[in-house]
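Data file: input_20.txt. Format and content: compact mmCIF, N, CA and C atoms.
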# COMPACT_ATOMS: atom_id res chain seq x y z
N MET A 24 -65.96 16.12 27.17
CA MET A 24 -66.25 17.50 27.49
C MET A 24 -67.66 17.82 27.03
N SER A 25 -68.40 18.52 27.87
CA SER A 25 -69.76 18.94 27.55
C SER A 25 -69.74 20.08 26.54
N THR A 26 -70.69 20.06 25.62
CA THR A 26 -70.74 21.15 24.64
C THR A 26 -71.23 22.44 25.27
N SER A 27 -71.79 22.38 26.49
CA SER A 27 -72.25 23.61 27.14
C SER A 27 -71.15 24.27 27.97
N THR A 28 -70.00 23.63 28.09
CA THR A 28 -68.88 24.19 28.84
C THR A 28 -68.02 25.04 27.92
N PRO A 29 -67.86 26.34 28.23
CA PRO A 29 -66.99 27.17 27.38
C PRO A 29 -65.57 26.64 27.38
N THR A 30 -64.93 26.62 26.22
CA THR A 30 -63.60 26.06 26.12
C THR A 30 -62.52 27.11 25.96
N ASN A 31 -62.82 28.28 25.40
CA ASN A 31 -61.76 29.27 25.27
C ASN A 31 -61.72 30.15 26.51
N ALA A 32 -60.58 30.76 26.73
CA ALA A 32 -60.35 31.53 27.95
C ALA A 32 -61.38 32.64 28.14
N ALA A 33 -61.60 33.44 27.11
CA ALA A 33 -62.53 34.57 27.24
C ALA A 33 -63.94 34.09 27.56
N ALA A 34 -64.37 33.02 26.93
CA ALA A 34 -65.72 32.51 27.19
C ALA A 34 -65.83 31.98 28.62
N ARG A 35 -64.79 31.30 29.10
CA ARG A 35 -64.81 30.78 30.46
C ARG A 35 -64.82 31.91 31.48
N ILE A 36 -63.98 32.91 31.25
CA ILE A 36 -63.94 34.05 32.17
C ILE A 36 -65.27 34.79 32.14
N THR A 37 -65.80 35.03 30.95
CA THR A 37 -67.05 35.77 30.82
C THR A 37 -68.20 35.02 31.49
N ALA A 38 -68.28 33.71 31.31
CA ALA A 38 -69.35 32.93 31.93
C ALA A 38 -69.31 33.06 33.45
N GLU A 39 -68.12 33.00 34.03
CA GLU A 39 -68.00 33.11 35.48
C GLU A 39 -68.32 34.53 35.96
N VAL A 40 -67.68 35.51 35.36
CA VAL A 40 -67.79 36.89 35.86
C VAL A 40 -69.21 37.44 35.68
N THR A 41 -69.85 37.13 34.58
CA THR A 41 -71.21 37.63 34.38
C THR A 41 -72.24 36.88 35.22
N SER A 42 -71.83 35.82 35.92
CA SER A 42 -72.75 35.14 36.84
C SER A 42 -72.83 35.86 38.19
N TRP A 43 -71.93 36.83 38.43
CA TRP A 43 -71.96 37.57 39.68
C TRP A 43 -73.04 38.65 39.61
N PRO A 44 -73.77 38.86 40.70
CA PRO A 44 -74.86 39.85 40.68
C PRO A 44 -74.38 41.24 40.25
N GLY A 45 -75.10 41.82 39.30
CA GLY A 45 -74.84 43.18 38.86
C GLY A 45 -73.76 43.35 37.82
N VAL A 46 -73.12 42.26 37.37
CA VAL A 46 -72.05 42.38 36.37
C VAL A 46 -72.64 42.18 34.98
N ARG A 47 -72.25 43.08 34.09
CA ARG A 47 -72.61 42.92 32.68
C ARG A 47 -71.35 43.07 31.85
N ALA A 48 -71.35 42.38 30.72
CA ALA A 48 -70.23 42.47 29.78
C ALA A 48 -70.66 43.38 28.64
N THR A 49 -69.75 44.25 28.22
CA THR A 49 -70.06 45.17 27.13
C THR A 49 -68.84 45.33 26.24
N ASP A 50 -69.07 45.44 24.95
CA ASP A 50 -67.98 45.66 24.01
C ASP A 50 -67.48 47.09 24.10
N GLY A 51 -66.16 47.25 24.14
CA GLY A 51 -65.56 48.57 24.20
C GLY A 51 -65.18 49.08 22.82
N SER A 52 -64.73 50.30 22.78
CA SER A 52 -64.41 50.95 21.51
C SER A 52 -63.07 50.50 20.93
N ARG A 53 -62.25 49.80 21.71
CA ARG A 53 -60.95 49.35 21.23
C ARG A 53 -60.88 47.83 21.07
N GLY A 54 -62.05 47.20 20.92
CA GLY A 54 -62.10 45.76 20.73
C GLY A 54 -62.06 44.97 22.02
N GLU A 55 -62.11 45.62 23.15
CA GLU A 55 -62.07 44.92 24.42
C GLU A 55 -63.48 44.52 24.86
N LEU A 56 -63.55 43.55 25.75
CA LEU A 56 -64.79 43.15 26.38
C LEU A 56 -64.69 43.57 27.83
N SER A 57 -65.46 44.60 28.20
CA SER A 57 -65.40 45.17 29.54
C SER A 57 -66.43 44.54 30.46
N PHE A 58 -66.04 44.37 31.71
CA PHE A 58 -66.95 43.88 32.74
C PHE A 58 -67.31 45.05 33.63
N MET A 59 -68.60 45.36 33.66
CA MET A 59 -69.07 46.56 34.34
C MET A 59 -69.95 46.19 35.53
N VAL A 60 -69.81 46.98 36.59
CA VAL A 60 -70.71 46.93 37.74
C VAL A 60 -71.24 48.34 37.87
N GLY A 61 -72.50 48.52 37.53
CA GLY A 61 -73.03 49.88 37.43
C GLY A 61 -72.26 50.60 36.32
N LYS A 62 -71.70 51.76 36.64
CA LYS A 62 -70.92 52.53 35.66
C LYS A 62 -69.43 52.28 35.78
N ARG A 63 -69.03 51.38 36.67
CA ARG A 63 -67.60 51.15 36.91
C ARG A 63 -67.13 49.85 36.29
N GLU A 64 -65.95 49.91 35.70
CA GLU A 64 -65.35 48.73 35.11
C GLU A 64 -64.49 48.01 36.14
N ILE A 65 -64.64 46.68 36.20
CA ILE A 65 -63.78 45.89 37.09
C ILE A 65 -62.59 45.30 36.35
N GLY A 66 -62.59 45.42 35.03
CA GLY A 66 -61.50 44.94 34.19
C GLY A 66 -62.03 44.62 32.81
N HIS A 67 -61.12 44.34 31.90
CA HIS A 67 -61.55 43.97 30.55
C HIS A 67 -60.59 42.97 29.93
N LEU A 68 -61.11 42.28 28.92
CA LEU A 68 -60.34 41.27 28.19
C LEU A 68 -60.05 41.75 26.78
N HIS A 69 -58.90 41.34 26.28
CA HIS A 69 -58.56 41.47 24.87
C HIS A 69 -58.48 40.05 24.33
N GLY A 70 -59.64 39.55 23.91
CA GLY A 70 -59.72 38.19 23.41
C GLY A 70 -59.32 37.18 24.47
N ASP A 71 -58.66 36.13 24.03
CA ASP A 71 -58.20 35.07 24.93
C ASP A 71 -56.77 35.29 25.40
N ARG A 72 -56.19 36.44 25.04
CA ARG A 72 -54.75 36.60 25.28
C ARG A 72 -54.36 37.47 26.47
N SER A 73 -55.21 38.44 26.88
CA SER A 73 -54.80 39.29 28.00
C SER A 73 -56.00 39.94 28.68
N ALA A 74 -55.78 40.32 29.93
CA ALA A 74 -56.76 41.04 30.72
C ALA A 74 -56.09 42.30 31.28
N HIS A 75 -56.85 43.37 31.37
CA HIS A 75 -56.35 44.64 31.91
C HIS A 75 -57.22 45.06 33.08
N PHE A 76 -56.59 45.71 34.05
CA PHE A 76 -57.25 46.07 35.29
C PHE A 76 -56.79 47.44 35.78
N ALA A 77 -57.60 48.03 36.66
CA ALA A 77 -57.18 49.19 37.45
C ALA A 77 -57.43 48.81 38.91
N PHE A 78 -56.43 49.04 39.74
CA PHE A 78 -56.51 48.74 41.16
C PHE A 78 -56.08 49.96 41.95
N PRO A 79 -56.42 50.02 43.24
CA PRO A 79 -55.81 51.04 44.08
C PRO A 79 -54.27 50.89 44.01
N ARG A 80 -53.59 51.98 44.16
CA ARG A 80 -52.13 52.01 44.00
C ARG A 80 -51.42 50.93 44.82
N ASP A 81 -51.79 50.78 46.09
CA ASP A 81 -51.12 49.81 46.95
C ASP A 81 -51.42 48.37 46.52
N VAL A 82 -52.63 48.12 46.10
CA VAL A 82 -53.01 46.79 45.64
C VAL A 82 -52.25 46.45 44.37
N ALA A 83 -52.20 47.39 43.42
CA ALA A 83 -51.47 47.15 42.17
C ALA A 83 -49.99 46.88 42.45
N ALA A 84 -49.39 47.63 43.37
CA ALA A 84 -47.98 47.42 43.70
C ALA A 84 -47.76 46.02 44.27
N GLN A 85 -48.65 45.58 45.15
CA GLN A 85 -48.52 44.24 45.73
C GLN A 85 -48.68 43.17 44.66
N LEU A 86 -49.67 43.34 43.77
CA LEU A 86 -49.88 42.36 42.70
C LEU A 86 -48.68 42.29 41.76
N ARG A 87 -48.07 43.44 41.47
CA ARG A 87 -46.85 43.44 40.64
C ARG A 87 -45.72 42.72 41.36
N ASP A 88 -45.55 43.00 42.66
CA ASP A 88 -44.50 42.33 43.44
C ASP A 88 -44.69 40.82 43.46
N GLU A 89 -45.94 40.38 43.48
CA GLU A 89 -46.26 38.95 43.49
C GLU A 89 -46.15 38.32 42.10
N GLY A 90 -45.98 39.15 41.06
CA GLY A 90 -45.89 38.64 39.70
C GLY A 90 -47.23 38.29 39.09
N ARG A 91 -48.32 38.76 39.70
CA ARG A 91 -49.66 38.43 39.19
C ARG A 91 -50.10 39.37 38.07
N ILE A 92 -49.56 40.58 38.04
CA ILE A 92 -49.81 41.50 36.94
C ILE A 92 -48.50 42.14 36.53
N GLY A 93 -48.50 42.62 35.30
CA GLY A 93 -47.37 43.39 34.80
C GLY A 93 -47.87 44.75 34.38
N PRO A 94 -47.02 45.54 33.76
CA PRO A 94 -47.44 46.88 33.35
C PRO A 94 -48.51 46.83 32.26
N HIS A 95 -49.36 47.82 32.28
CA HIS A 95 -50.36 47.98 31.23
C HIS A 95 -49.62 48.38 29.96
N PRO A 96 -49.89 47.75 28.81
CA PRO A 96 -49.09 48.04 27.62
C PRO A 96 -49.21 49.47 27.10
N ALA A 97 -50.36 50.09 27.27
CA ALA A 97 -50.52 51.46 26.78
C ALA A 97 -50.05 52.51 27.78
N PHE A 98 -50.04 52.15 29.07
CA PHE A 98 -49.65 53.08 30.13
C PHE A 98 -48.72 52.38 31.12
N PRO A 99 -47.53 51.99 30.68
CA PRO A 99 -46.65 51.16 31.53
C PRO A 99 -46.19 51.84 32.81
N GLU A 100 -46.18 53.15 32.85
CA GLU A 100 -45.73 53.86 34.05
C GLU A 100 -46.86 54.16 35.03
N HIS A 101 -48.11 53.90 34.64
CA HIS A 101 -49.25 54.22 35.49
C HIS A 101 -49.28 53.23 36.66
N PRO A 102 -49.19 53.72 37.90
CA PRO A 102 -49.06 52.82 39.05
C PRO A 102 -50.32 52.03 39.39
N LYS A 103 -51.48 52.45 38.89
CA LYS A 103 -52.73 51.76 39.22
C LYS A 103 -53.17 50.75 38.18
N LEU A 104 -52.58 50.80 36.98
CA LEU A 104 -53.01 49.95 35.89
C LEU A 104 -52.11 48.74 35.75
N GLY A 105 -52.71 47.62 35.35
CA GLY A 105 -51.92 46.41 35.16
C GLY A 105 -52.53 45.51 34.11
N ALA A 106 -51.74 44.55 33.67
CA ALA A 106 -52.17 43.60 32.65
C ALA A 106 -51.73 42.20 33.07
N ARG A 107 -52.48 41.22 32.59
CA ARG A 107 -52.16 39.82 32.84
C ARG A 107 -52.32 39.06 31.54
N ARG A 108 -51.26 38.39 31.10
CA ARG A 108 -51.35 37.53 29.91
C ARG A 108 -52.13 36.28 30.28
N ILE A 109 -52.85 35.74 29.32
CA ILE A 109 -53.62 34.53 29.53
C ILE A 109 -53.04 33.45 28.62
N GLY A 110 -52.48 32.42 29.24
CA GLY A 110 -51.88 31.36 28.45
C GLY A 110 -52.35 29.97 28.81
N ASP A 111 -52.83 29.79 30.04
CA ASP A 111 -53.23 28.45 30.47
C ASP A 111 -54.34 28.55 31.51
N ASP A 112 -54.77 27.40 32.02
CA ASP A 112 -55.87 27.36 32.97
C ASP A 112 -55.56 28.13 34.26
N ALA A 113 -54.31 28.09 34.69
CA ALA A 113 -53.94 28.84 35.90
C ALA A 113 -54.11 30.34 35.68
N ASP A 114 -53.78 30.82 34.48
CA ASP A 114 -53.98 32.24 34.16
C ASP A 114 -55.46 32.59 34.16
N VAL A 115 -56.28 31.72 33.58
CA VAL A 115 -57.73 31.95 33.57
C VAL A 115 -58.23 32.08 35.01
N ALA A 116 -57.83 31.16 35.86
CA ALA A 116 -58.26 31.19 37.26
C ALA A 116 -57.81 32.46 37.96
N ASP A 117 -56.58 32.91 37.69
CA ASP A 117 -56.09 34.11 38.35
C ASP A 117 -56.76 35.37 37.80
N VAL A 118 -57.05 35.41 36.51
CA VAL A 118 -57.78 36.55 35.95
C VAL A 118 -59.15 36.64 36.63
N ILE A 119 -59.82 35.51 36.79
CA ILE A 119 -61.11 35.52 37.48
C ILE A 119 -60.94 36.01 38.91
N ALA A 120 -59.90 35.57 39.59
CA ALA A 120 -59.65 36.01 40.97
C ALA A 120 -59.36 37.52 41.03
N LEU A 121 -58.61 38.03 40.07
CA LEU A 121 -58.32 39.46 40.03
C LEU A 121 -59.58 40.27 39.77
N LEU A 122 -60.40 39.80 38.84
CA LEU A 122 -61.67 40.48 38.58
C LEU A 122 -62.56 40.42 39.83
N ARG A 123 -62.55 39.29 40.51
CA ARG A 123 -63.37 39.15 41.72
C ARG A 123 -62.91 40.12 42.81
N SER A 124 -61.61 40.33 42.91
CA SER A 124 -61.13 41.26 43.94
C SER A 124 -61.63 42.68 43.64
N ASN A 125 -61.64 43.06 42.37
CA ASN A 125 -62.20 44.38 42.02
C ASN A 125 -63.70 44.39 42.24
N TYR A 126 -64.37 43.33 41.87
CA TYR A 126 -65.83 43.24 42.08
C TYR A 126 -66.15 43.40 43.56
N ASP A 127 -65.46 42.67 44.42
CA ASP A 127 -65.74 42.75 45.85
C ASP A 127 -65.48 44.15 46.40
N ARG A 128 -64.53 44.85 45.82
CA ARG A 128 -64.23 46.21 46.27
C ARG A 128 -65.24 47.21 45.71
N ILE A 129 -65.68 47.03 44.48
CA ILE A 129 -66.50 48.02 43.78
C ILE A 129 -68.00 47.78 43.96
N ALA A 130 -68.46 46.53 43.93
CA ALA A 130 -69.89 46.23 43.91
C ALA A 130 -70.69 46.90 45.03
N PRO A 131 -70.20 46.92 46.26
CA PRO A 131 -71.01 47.54 47.31
C PRO A 131 -71.24 49.04 47.12
N THR A 132 -70.35 49.70 46.36
CA THR A 132 -70.47 51.16 46.18
C THR A 132 -70.98 51.55 44.80
N ALA A 133 -71.24 50.56 43.94
CA ALA A 133 -71.61 50.87 42.56
C ALA A 133 -73.11 51.04 42.37
N GLY A 134 -73.89 50.75 43.38
CA GLY A 134 -75.33 50.88 43.25
C GLY A 134 -75.93 49.81 42.38
N ALA A 135 -75.21 48.70 42.24
CA ALA A 135 -75.72 47.60 41.39
C ALA A 135 -76.60 46.67 42.19

Entire entry expressed as structure tokens:
Amino acid sequence: MSTSTPTNAAARITAEVTSWPGVRATDGSRGELSFMVGKREIGHLHGDRSAHFAFPRDVAAQLRDEGRIGPHPAFPEHPKLGARRIGDDADVADVIALLRSNYDRIAPTAGA
């Protein structure tokens, strides 16, 4: 393994997501690492263990039905919010895909 390749989940996700045009990572007030496009967040990480997102209501419902996200721990009844546990490489890949879906939806309107 190369020493330049990130090995932990958060580092791998951050390296990929911040390579997209206009994305910056910023520390949040609750210990999270937020990914921002302009003033809009596309999602955030809580270390290597979980990712949180906000999606349009219909998208969030479909992702829940597919088992790709579960309820947000602080707002479990909120229909637009979701969370994804990170446990293995497949989870890392899906978190990146979920962040990318928000990026593709938000980036054109964020002025980034």

- Item | Distance in Å - CA of Ser57 (chain A) versus atom N of Ala83 (chain A) | 19.3 Å

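Using all atoms listed in the file, the shortest contact distance between Gly61 (chain A) and any of A:Leu104, A:Ala33, A:Val46, A:Ala113 is found at A:Val46.
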
- Task: Could you give me, as a VMD selection string, each residue of chain A that DSSP assigns to helix (DSSP H, G or I) when run on this structure's backbone?
- Result: chain A and resid 32 to 40 80 to 88 112 to 132

Pull N, CA and C atoms from the residues just selected and write them as an mmCIF file, keeping the file's coordinate frame.
data_model
loop_
_atom_site.group_PDB
_atom_site.id
_atom_site.type_symbol
_atom_site.label_atom_id
_atom_site.label_comp_id
_atom_site.auth_asym_id
_atom_site.auth_seq_id
_atom_site.Cartn_x
_atom_site.Cartn_y
_atom_site.Cartn_z
ATOM 1 N N ALA A 32 -60.580 30.760 26.730
ATOM 2 C CA ALA A 32 -60.350 31.530 27.950
ATOM 3 C C ALA A 32 -61.380 32.640 28.140
ATOM 4 N N ALA A 33 -61.600 33.440 27.110
ATOM 5 C CA ALA A 33 -62.530 34.570 27.240
ATOM 6 C C ALA A 33 -63.940 34.090 27.560
ATOM 7 N N ALA A 34 -64.370 33.020 26.930
ATOM 8 C CA ALA A 34 -65.720 32.510 27.190
ATOM 9 C C ALA A 34 -65.830 31.980 28.620
ATOM 10 N N ARG A 35 -64.790 31.300 29.100
ATOM 11 C CA ARG A 35 -64.810 30.780 30.460
ATOM 12 C C ARG A 35 -64.820 31.910 31.480
ATOM 13 N N ILE A 36 -63.980 32.910 31.250
ATOM 14 C CA ILE A 36 -63.940 34.050 32.170
ATOM 15 C C ILE A 36 -65.270 34.790 32.140
ATOM 16 N N THR A 37 -65.800 35.030 30.950
ATOM 17 C CA THR A 37 -67.050 35.770 30.820
ATOM 18 C C THR A 37 -68.200 35.020 31.490
ATOM 19 N N ALA A 38 -68.280 33.710 31.310
ATOM 20 C CA ALA A 38 -69.350 32.930 31.930
ATOM 21 C C ALA A 38 -69.310 33.060 33.450
ATOM 22 N N GLU A 39 -68.120 33.000 34.030
ATOM 23 C CA GLU A 39 -68.000 33.110 35.480
ATOM 24 C C GLU A 39 -68.320 34.530 35.960
ATOM 25 N N VAL A 40 -67.680 35.510 35.360
ATOM 26 C CA VAL A 40 -67.790 36.890 35.860
ATOM 27 C C VAL A 40 -69.210 37.440 35.680
ATOM 28 N N ARG A 80 -53.590 51.980 44.160
ATOM 29 C CA ARG A 80 -52.130 52.010 44.000
ATOM 30 C C ARG A 80 -51.420 50.930 44.820
ATOM 31 N N ASP A 81 -51.790 50.780 46.090
ATOM 32 C CA ASP A 81 -51.120 49.810 46.950
ATOM 33 C C ASP A 81 -51.420 48.370 46.520
ATOM 34 N N VAL A 82 -52.630 48.120 46.100
ATOM 35 C CA VAL A 82 -53.010 46.790 45.640
ATOM 36 C C VAL A 82 -52.250 46.450 44.370
ATOM 37 N N ALA A 83 -52.200 47.390 43.420
ATOM 38 C CA ALA A 83 -51.470 47.150 42.170
ATOM 39 C C ALA A 83 -49.990 46.880 42.450
ATOM 40 N N ALA A 84 -49.390 47.630 43.370
ATOM 41 C CA ALA A 84 -47.980 47.420 43.700
ATOM 42 C C ALA A 84 -47.760 46.020 44.270
ATOM 43 N N GLN A 85 -48.650 45.580 45.150
ATOM 44 C CA GLN A 85 -48.520 44.240 45.730
ATOM 45 C C GLN A 85 -48.680 43.170 44.660
ATOM 46 N N LEU A 86 -49.670 43.340 43.770
ATOM 47 C CA LEU A 86 -49.880 42.360 42.700
ATOM 48 C C LEU A 86 -48.680 42.290 41.760
ATOM 49 N N ARG A 87 -48.070 43.440 41.470
ATOM 50 C CA ARG A 87 -46.850 43.440 40.640
ATOM 51 C C ARG A 87 -45.720 42.720 41.360
ATOM 52 N N ASP A 88 -45.550 43.000 42.660
ATOM 53 C CA ASP A 88 -44.500 42.330 43.440
ATOM 54 C C ASP A 88 -44.690 40.820 43.460
ATOM 55 N N ASP A 112 -54.770 27.400 32.020
ATOM 56 C CA ASP A 112 -55.870 27.360 32.970
ATOM 57 C C ASP A 112 -55.560 28.130 34.260
ATOM 58 N N ALA A 113 -54.310 28.090 34.690
ATOM 59 C CA ALA A 113 -53.940 28.840 35.900
ATOM 60 C C ALA A 113 -54.110 30.340 35.680
ATOM 61 N N ASP A 114 -53.780 30.820 34.480
ATOM 62 C CA ASP A 114 -53.980 32.240 34.160
ATOM 63 C C ASP A 114 -55.460 32.590 34.160
ATOM 64 N N VAL A 115 -56.280 31.720 33.580
ATOM 65 C CA VAL A 115 -57.730 31.950 33.570
ATOM 66 C C VAL A 115 -58.230 32.080 35.010
ATOM 67 N N ALA A 116 -57.830 31.160 35.860
ATOM 68 C CA ALA A 116 -58.260 31.190 37.260
ATOM 69 C C ALA A 116 -57.810 32.460 37.960
ATOM 70 N N ASP A 117 -56.580 32.910 37.690
ATOM 71 C CA ASP A 117 -56.090 34.110 38.350
ATOM 72 C C ASP A 117 -56.760 35.370 37.800
ATOM 73 N N VAL A 118 -57.050 35.410 36.510
ATOM 74 C CA VAL A 118 -57.780 36.550 35.950
ATOM 75 C C VAL A 118 -59.150 36.640 36.630
ATOM 76 N N ILE A 119 -59.820 35.510 36.790
ATOM 77 C CA ILE A 119 -61.110 35.520 37.480
ATOM 78 C C ILE A 119 -60.940 36.010 38.910
ATOM 79 N N ALA A 120 -59.900 35.570 39.590
ATOM 80 C CA ALA A 120 -59.650 36.010 40.970
ATOM 81 C C ALA A 120 -59.360 37.520 41.030
ATOM 82 N N LEU A 121 -58.610 38.030 40.070
ATOM 83 C CA LEU A 121 -58.320 39.460 40.030
ATOM 84 C C LEU A 121 -59.580 40.270 39.770
ATOM 85 N N LEU A 122 -60.400 39.800 38.840
ATOM 86 C CA LEU A 122 -61.670 40.480 38.580
ATOM 87 C C LEU A 122 -62.560 40.420 39.830
ATOM 88 N N ARG A 123 -62.550 39.290 40.510
ATOM 89 C CA ARG A 123 -63.370 39.150 41.720
ATOM 90 C C ARG A 123 -62.910 40.120 42.810
ATOM 91 N N SER A 124 -61.610 40.330 42.910
ATOM 92 C CA SER A 124 -61.130 41.260 43.940
ATOM 93 C C SER A 124 -61.630 42.680 43.640
ATOM 94 N N ASN A 125 -61.640 43.060 42.370
ATOM 95 C CA ASN A 125 -62.200 44.380 42.020
ATOM 96 C C ASN A 125 -63.700 44.390 42.240
ATOM 97 N N TYR A 126 -64.370 43.330 41.870
ATOM 98 C CA TYR A 126 -65.830 43.240 42.080
ATOM 99 C C TYR A 126 -66.150 43.400 43.560
ATOM 100 N N ASP A 127 -65.460 42.670 44.420
ATOM 101 C CA ASP A 127 -65.740 42.750 45.850
ATOM 102 C C ASP A 127 -65.480 44.150 46.400
ATOM 103 N N ARG A 128 -64.530 44.850 45.820
ATOM 104 C CA ARG A 128 -64.230 46.210 46.270
ATOM 105 C C ARG A 128 -65.240 47.210 45.710
ATOM 106 N N ILE A 129 -65.680 47.030 44.480
ATOM 107 C CA ILE A 129 -66.500 48.020 43.780
ATOM 108 C C ILE A 129 -68.000 47.780 43.960
ATOM 109 N N ALA A 130 -68.460 46.530 43.930
ATOM 110 C CA ALA A 130 -69.890 46.230 43.910
ATOM 111 C C ALA A 130 -70.690 46.900 45.030
ATOM 112 N N PRO A 131 -70.200 46.920 46.260
ATOM 113 C CA PRO A 131 -71.010 47.540 47.310
ATOM 114 C C PRO A 131 -71.240 49.040 47.120
ATOM 115 N N THR A 132 -70.350 49.700 46.360
ATOM 116 C CA THR A 132 -70.470 51.160 46.180
ATOM 117 C C THR A 132 -70.980 51.550 44.800
#

- Task: For CA of Ile65 (chain A) and CA of Tyr126 (chain A), determine how far apart the two atoms are, in Å to one decimal place.
- Result: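 These atoms are spaced 6.0 Å apart.
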
- Nearest-residue call for Phe78 (chain A), choices A:Leu56, A:Ala48, A:Ala130, A:Ala106, using only C-alpha atoms: A:Ala106

- Message: As an exercise, work out the distance from atom C of Glu64 (chain A) to CA of Asp88 (chain A) in Å and give it to one decimal place.
- Response: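 These two atoms are separated by 22.0 Å.
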
- Would you kindly return, as a PyMOL selection string, each protein, DNA or RNA residue with an atom no farther than 7 Å from any atom of Pro94 (chain A), considering all atoms listed in the file and excluding same-chain residues fewer than 4 positions away? chain A and resi 98-100+104-107

- Item | Point (-59.4, 30.4, 20.3), cut-off 8 Å, counting only N, CA and C atoms, residues as a list in words |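 Those within range, by chain then number, are Thr30, Asn31, Ala32, Ala33, Gly70 and Asp71 of chain A.
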
- Message: Around (-56.0, 45.4, 25.4), as given in the file, which residues come within 6.5 Å? Count all atoms listed in the file and list them as a ChimeraX atom specification.
- Response: /A:55,68-69,73,75
